[in-house]
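Student: Here it is, the structure, as structure tokens.
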Amino acid sequence: MKNLFAIFITLSLLSTSIYAQVWKPNVEDSLELSVAQAIIKANESDPTLTKWFESAYAYAVFPKVGKGGLIVGGAHGKGLVIRGDTTMGTTSLSQVTVGAQIGGQVYAQYIMFKDETAFSHFTRGNYEMGAQASAVAVTLGASADARYDSGVAVFTLADGGLMLEASIGGQKFKYTSK
């Protein structure tokens, strides 16, 4: 059954891009399978997102980010950094926010790196995105108008829960090469 699932994931990824080098998950690694599922779900939710995966120099995928808060909030998730057909390393996301907020949610986050400079900046170690960074919610056609900001584009896809917030905070990332 696990092999059948792995074949389905691989075929689904191949069908999203015939021309680009396609990353294939290690079927023995649960994080890689979760990342593959998150990529498929994002491309199904917004087919225009496929061009981002194909044209980005590299990208990071966090398949499940848990977020919650009541005045003070936080979020955390683990993911992979991928370049072409290669898993470059693992990454983690941490976020602390302060302000009017209540609730909790789970979402996937996708960070696209436009070029080697943006990618190198992320992979040097402790990378931070401030409150001014904005993410595009993945909905049908939403990514068509998205743009890189300082070489980075961020997309999120809600997976469940409800979070009401007007808060300030930033995300911090740690990267470990493979």
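Every chain in the structure tokens has a letter given in the order shown (A, B, ...), and although residue numbers restart at 1 in each chain, ligands are simply numbered from 1 in the order shown.
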If DSSP is run on the backbone, what residues of region 21-97 of chain A are strand (DSSP E or B)? A reply as a PyMOL selection string would be ideal.

Tutor: chain A and resi 58-83+86-97

Student: Could you please take those selected residues and save N, CA and C atoms as an mmCIF file, in the first residue's frame?

Tutor:
data_model
loop_
_atom_site.group_PDB
_atom_site.id
_atom_site.type_symbol
_atom_site.label_atom_id
_atom_site.label_comp_id
_atom_site.auth_asym_id
_atom_site.auth_seq_id
_atom_site.Cartn_x
_atom_site.Cartn_y
_atom_site.Cartn_z
ATOM 1 N N ALA A 58 14.783 27.943 -6.272
ATOM 2 C CA ALA A 58 14.595 26.917 -5.250
ATOM 3 C C ALA A 58 13.345 27.302 -4.468
ATOM 4 N N TYR A 59 12.861 26.398 -3.631
ATOM 5 C CA TYR A 59 11.697 26.717 -2.807
ATOM 6 C C TYR A 59 11.723 25.904 -1.522
ATOM 7 N N ALA A 60 11.036 26.445 -0.502
ATOM 8 C CA ALA A 60 10.872 25.755 0.776
ATOM 9 C C ALA A 60 9.388 25.459 0.938
ATOM 10 N N VAL A 61 9.081 24.273 1.424
ATOM 11 C CA VAL A 61 7.689 23.880 1.648
ATOM 12 C C VAL A 61 7.539 23.421 3.091
ATOM 13 N N PHE A 62 6.588 24.038 3.778
ATOM 14 C CA PHE A 62 6.211 23.654 5.131
ATOM 15 C C PHE A 62 4.810 23.061 5.026
ATOM 16 N N PRO A 63 4.670 21.728 5.047
ATOM 17 C CA PRO A 63 3.366 21.126 4.801
ATOM 18 C C PRO A 63 2.337 21.380 5.903
ATOM 19 N N LYS A 64 2.785 21.543 7.134
ATOM 20 C CA LYS A 64 1.866 21.815 8.245
ATOM 21 C C LYS A 64 2.506 22.802 9.205
ATOM 22 N N VAL A 65 1.925 23.991 9.251
ATOM 23 C CA VAL A 65 2.336 25.003 10.223
ATOM 24 C C VAL A 65 1.169 25.163 11.181
ATOM 25 N N GLY A 66 1.416 24.943 12.460
ATOM 26 C CA GLY A 66 0.386 25.141 13.479
ATOM 27 C C GLY A 66 0.537 26.528 14.073
ATOM 28 N N LYS A 67 -0.595 27.224 14.176
ATOM 29 C CA LYS A 67 -0.564 28.604 14.660
ATOM 30 C C LYS A 67 -1.691 28.786 15.667
ATOM 31 N N GLY A 68 -1.427 29.489 16.750
ATOM 32 C CA GLY A 68 -2.464 29.764 17.743
ATOM 33 C C GLY A 68 -2.128 31.006 18.532
ATOM 34 N N GLY A 69 -3.162 31.592 19.107
ATOM 35 C CA GLY A 69 -2.894 32.782 19.892
ATOM 36 C C GLY A 69 -4.086 33.317 20.647
ATOM 37 N N LEU A 70 -3.784 33.992 21.731
ATOM 38 C CA LEU A 70 -4.732 34.761 22.516
ATOM 39 C C LEU A 70 -3.909 35.914 23.081
ATOM 40 N N ILE A 71 -3.940 37.043 22.425
ATOM 41 C CA ILE A 71 -3.134 38.239 22.664
ATOM 42 C C ILE A 71 -1.684 37.986 22.237
ATOM 43 N N VAL A 72 -1.039 36.959 22.800
ATOM 44 C CA VAL A 72 0.286 36.537 22.355
ATOM 45 C C VAL A 72 0.095 35.239 21.580
ATOM 46 N N GLY A 73 0.745 35.148 20.437
ATOM 47 C CA GLY A 73 0.567 33.955 19.625
ATOM 48 C C GLY A 73 1.884 33.407 19.129
ATOM 49 N N GLY A 74 1.783 32.256 18.516
ATOM 50 C CA GLY A 74 2.978 31.639 17.966
ATOM 51 C C GLY A 74 2.626 30.646 16.882
ATOM 52 N N ALA A 75 3.625 30.278 16.111
ATOM 53 C CA ALA A 75 3.450 29.288 15.050
ATOM 54 C C ALA A 75 4.746 28.510 14.922
ATOM 55 N N HIS A 76 4.611 27.272 14.448
ATOM 56 C CA HIS A 76 5.790 26.444 14.239
ATOM 57 C C HIS A 76 5.496 25.414 13.160
ATOM 58 N N GLY A 77 6.505 25.121 12.361
ATOM 59 C CA GLY A 77 6.379 24.089 11.345
ATOM 60 C C GLY A 77 7.745 23.631 10.868
ATOM 61 N N LYS A 78 7.787 22.437 10.277
ATOM 62 C CA LYS A 78 9.016 21.892 9.705
ATOM 63 C C LYS A 78 8.789 21.660 8.227
ATOM 64 N N GLY A 79 9.864 21.813 7.451
ATOM 65 C CA GLY A 79 9.735 21.628 6.020
ATOM 66 C C GLY A 79 11.039 21.254 5.352
ATOM 67 N N LEU A 80 10.994 21.274 4.035
ATOM 68 C CA LEU A 80 12.149 20.952 3.212
ATOM 69 C C LEU A 80 12.471 22.101 2.280
ATOM 70 N N VAL A 81 13.736 22.201 1.903
ATOM 71 C CA VAL A 81 14.181 23.146 0.894
ATOM 72 C C VAL A 81 14.583 22.321 -0.322
ATOM 73 N N ILE A 82 14.015 22.670 -1.470
ATOM 74 C CA ILE A 82 14.187 21.891 -2.691
ATOM 75 C C ILE A 82 14.723 22.787 -3.798
ATOM 76 N N ARG A 83 15.666 22.254 -4.557
ATOM 77 C CA ARG A 83 16.192 22.964 -5.728
ATOM 78 C C ARG A 83 16.222 21.965 -6.878
ATOM 79 N N THR A 86 16.363 18.052 -6.310
ATOM 80 C CA THR A 86 17.162 17.668 -5.151
ATOM 81 C C THR A 86 16.643 18.298 -3.862
ATOM 82 N N THR A 87 16.537 17.482 -2.820
ATOM 83 C CA THR A 87 16.256 18.002 -1.478
ATOM 84 C C THR A 87 17.566 18.550 -0.935
ATOM 85 N N MET A 88 17.620 19.863 -0.759
ATOM 86 C CA MET A 88 18.851 20.517 -0.312
ATOM 87 C C MET A 88 19.036 20.434 1.201
ATOM 88 N N GLY A 89 17.910 20.426 1.941
ATOM 89 C CA GLY A 89 18.011 20.383 3.394
ATOM 90 C C GLY A 89 16.667 20.491 4.062
ATOM 91 N N THR A 90 16.702 20.548 5.391
ATOM 92 C CA THR A 90 15.485 20.715 6.178
ATOM 93 C C THR A 90 15.455 22.134 6.730
ATOM 94 N N THR A 91 14.271 22.571 7.086
ATOM 95 C CA THR A 91 14.104 23.912 7.621
ATOM 96 C C THR A 91 12.988 23.903 8.657
ATOM 97 N N SER A 92 13.042 24.843 9.569
ATOM 98 C CA SER A 92 11.957 25.000 10.535
ATOM 99 C C SER A 92 11.565 26.471 10.591
ATOM 100 N N LEU A 93 10.315 26.689 10.907
ATOM 101 C CA LEU A 93 9.737 28.027 10.968
ATOM 102 C C LEU A 93 9.228 28.241 12.382
ATOM 103 N N SER A 94 9.530 29.392 12.947
ATOM 104 C CA SER A 94 8.995 29.790 14.251
ATOM 105 C C SER A 94 8.498 31.210 14.123
ATOM 106 N N GLN A 95 7.396 31.486 14.796
ATOM 107 C CA GLN A 95 6.811 32.823 14.718
ATOM 108 C C GLN A 95 6.235 33.194 16.077
ATOM 109 N N VAL A 96 6.448 34.436 16.474
ATOM 110 C CA VAL A 96 5.833 34.979 17.676
ATOM 111 C C VAL A 96 5.122 36.258 17.272
ATOM 112 N N THR A 97 3.874 36.415 17.737
ATOM 113 C CA THR A 97 3.091 37.606 17.412
ATOM 114 C C THR A 97 2.489 38.190 18.689
#

Student: Measuring between only C-alpha atoms, which one of A:Ala108, A:Val136, A:Leu162, A:Val154 shows the shortest distance to Gln37 (chain A)?

Tutor: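 Once distances to Gln37 (chain A) are computed over only C-alpha atoms, the minimum belongs to A:Ala108.
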
Student: From the list A:Asp149, A:Asp29, A:Glu165, A:Asp46, which residue is nearest Asp115 (chain A) when using only C-alpha atoms?

Tutor: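 For Asp115 (chain A), the nearest of the candidates is A:Asp149.
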
Student: Using only C-alpha atoms, which residue out of A:Gly170, A:Gly151, A:Ala158, A:Ser34 lies closest to Thr139 (chain A)?

Tutor: A:Ala158

Student: Go through A:Asn26, A:Ala144, A:Gln105, A:Phe173 and flag the residue nearest His121 (chain A), using only C-alpha atoms for the distances.

Tutor: A:Phe173

Student: Measuring between only C-alpha atoms, which one of A:Glu28, A:Ala146, A:Val138, A:Ser167 shows the shortest distance to Gln109 (chain A)?

Tutor: A:Val138

Student: From a DSSP calculation on the backbone, collect every residue of chain A in helix (DSSP H, G or I) and output the set as a VMD selection string.

Tutor: chain A and resid 2 to 16 30 to 45 47 to 55 116 to 123 142 to 145

Student: Kindly indicate which residue among A:Thr176, A:Ser120, A:Ser143, A:Ser150 lies nearest to Lys51 (chain A), using only C-alpha atoms for the distances.

Tutor: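 For Lys51 (chain A), the nearest of the given residues is A:Ser143.
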
Student: Interatomic distance between CA of Gly104 (chain A) and CA of Gly169 (chain A)?

Tutor: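 Here the two named atoms are 15.8 Å from each other.
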
Student: By how many Å are CA of Asp159 (chain A) and CA of Ala56 (chain A) apart?

Tutor: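 CA of Ala56 (chain A) lies at a distance of 23.9 Å from CA of Asp159 (chain A).
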
Student: Please compute the CA of Lys114 (chain A)-CA of Trp52 (chain A) distance, one decimal, in Å.

Tutor: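 A separation of 9.2 Å between them.
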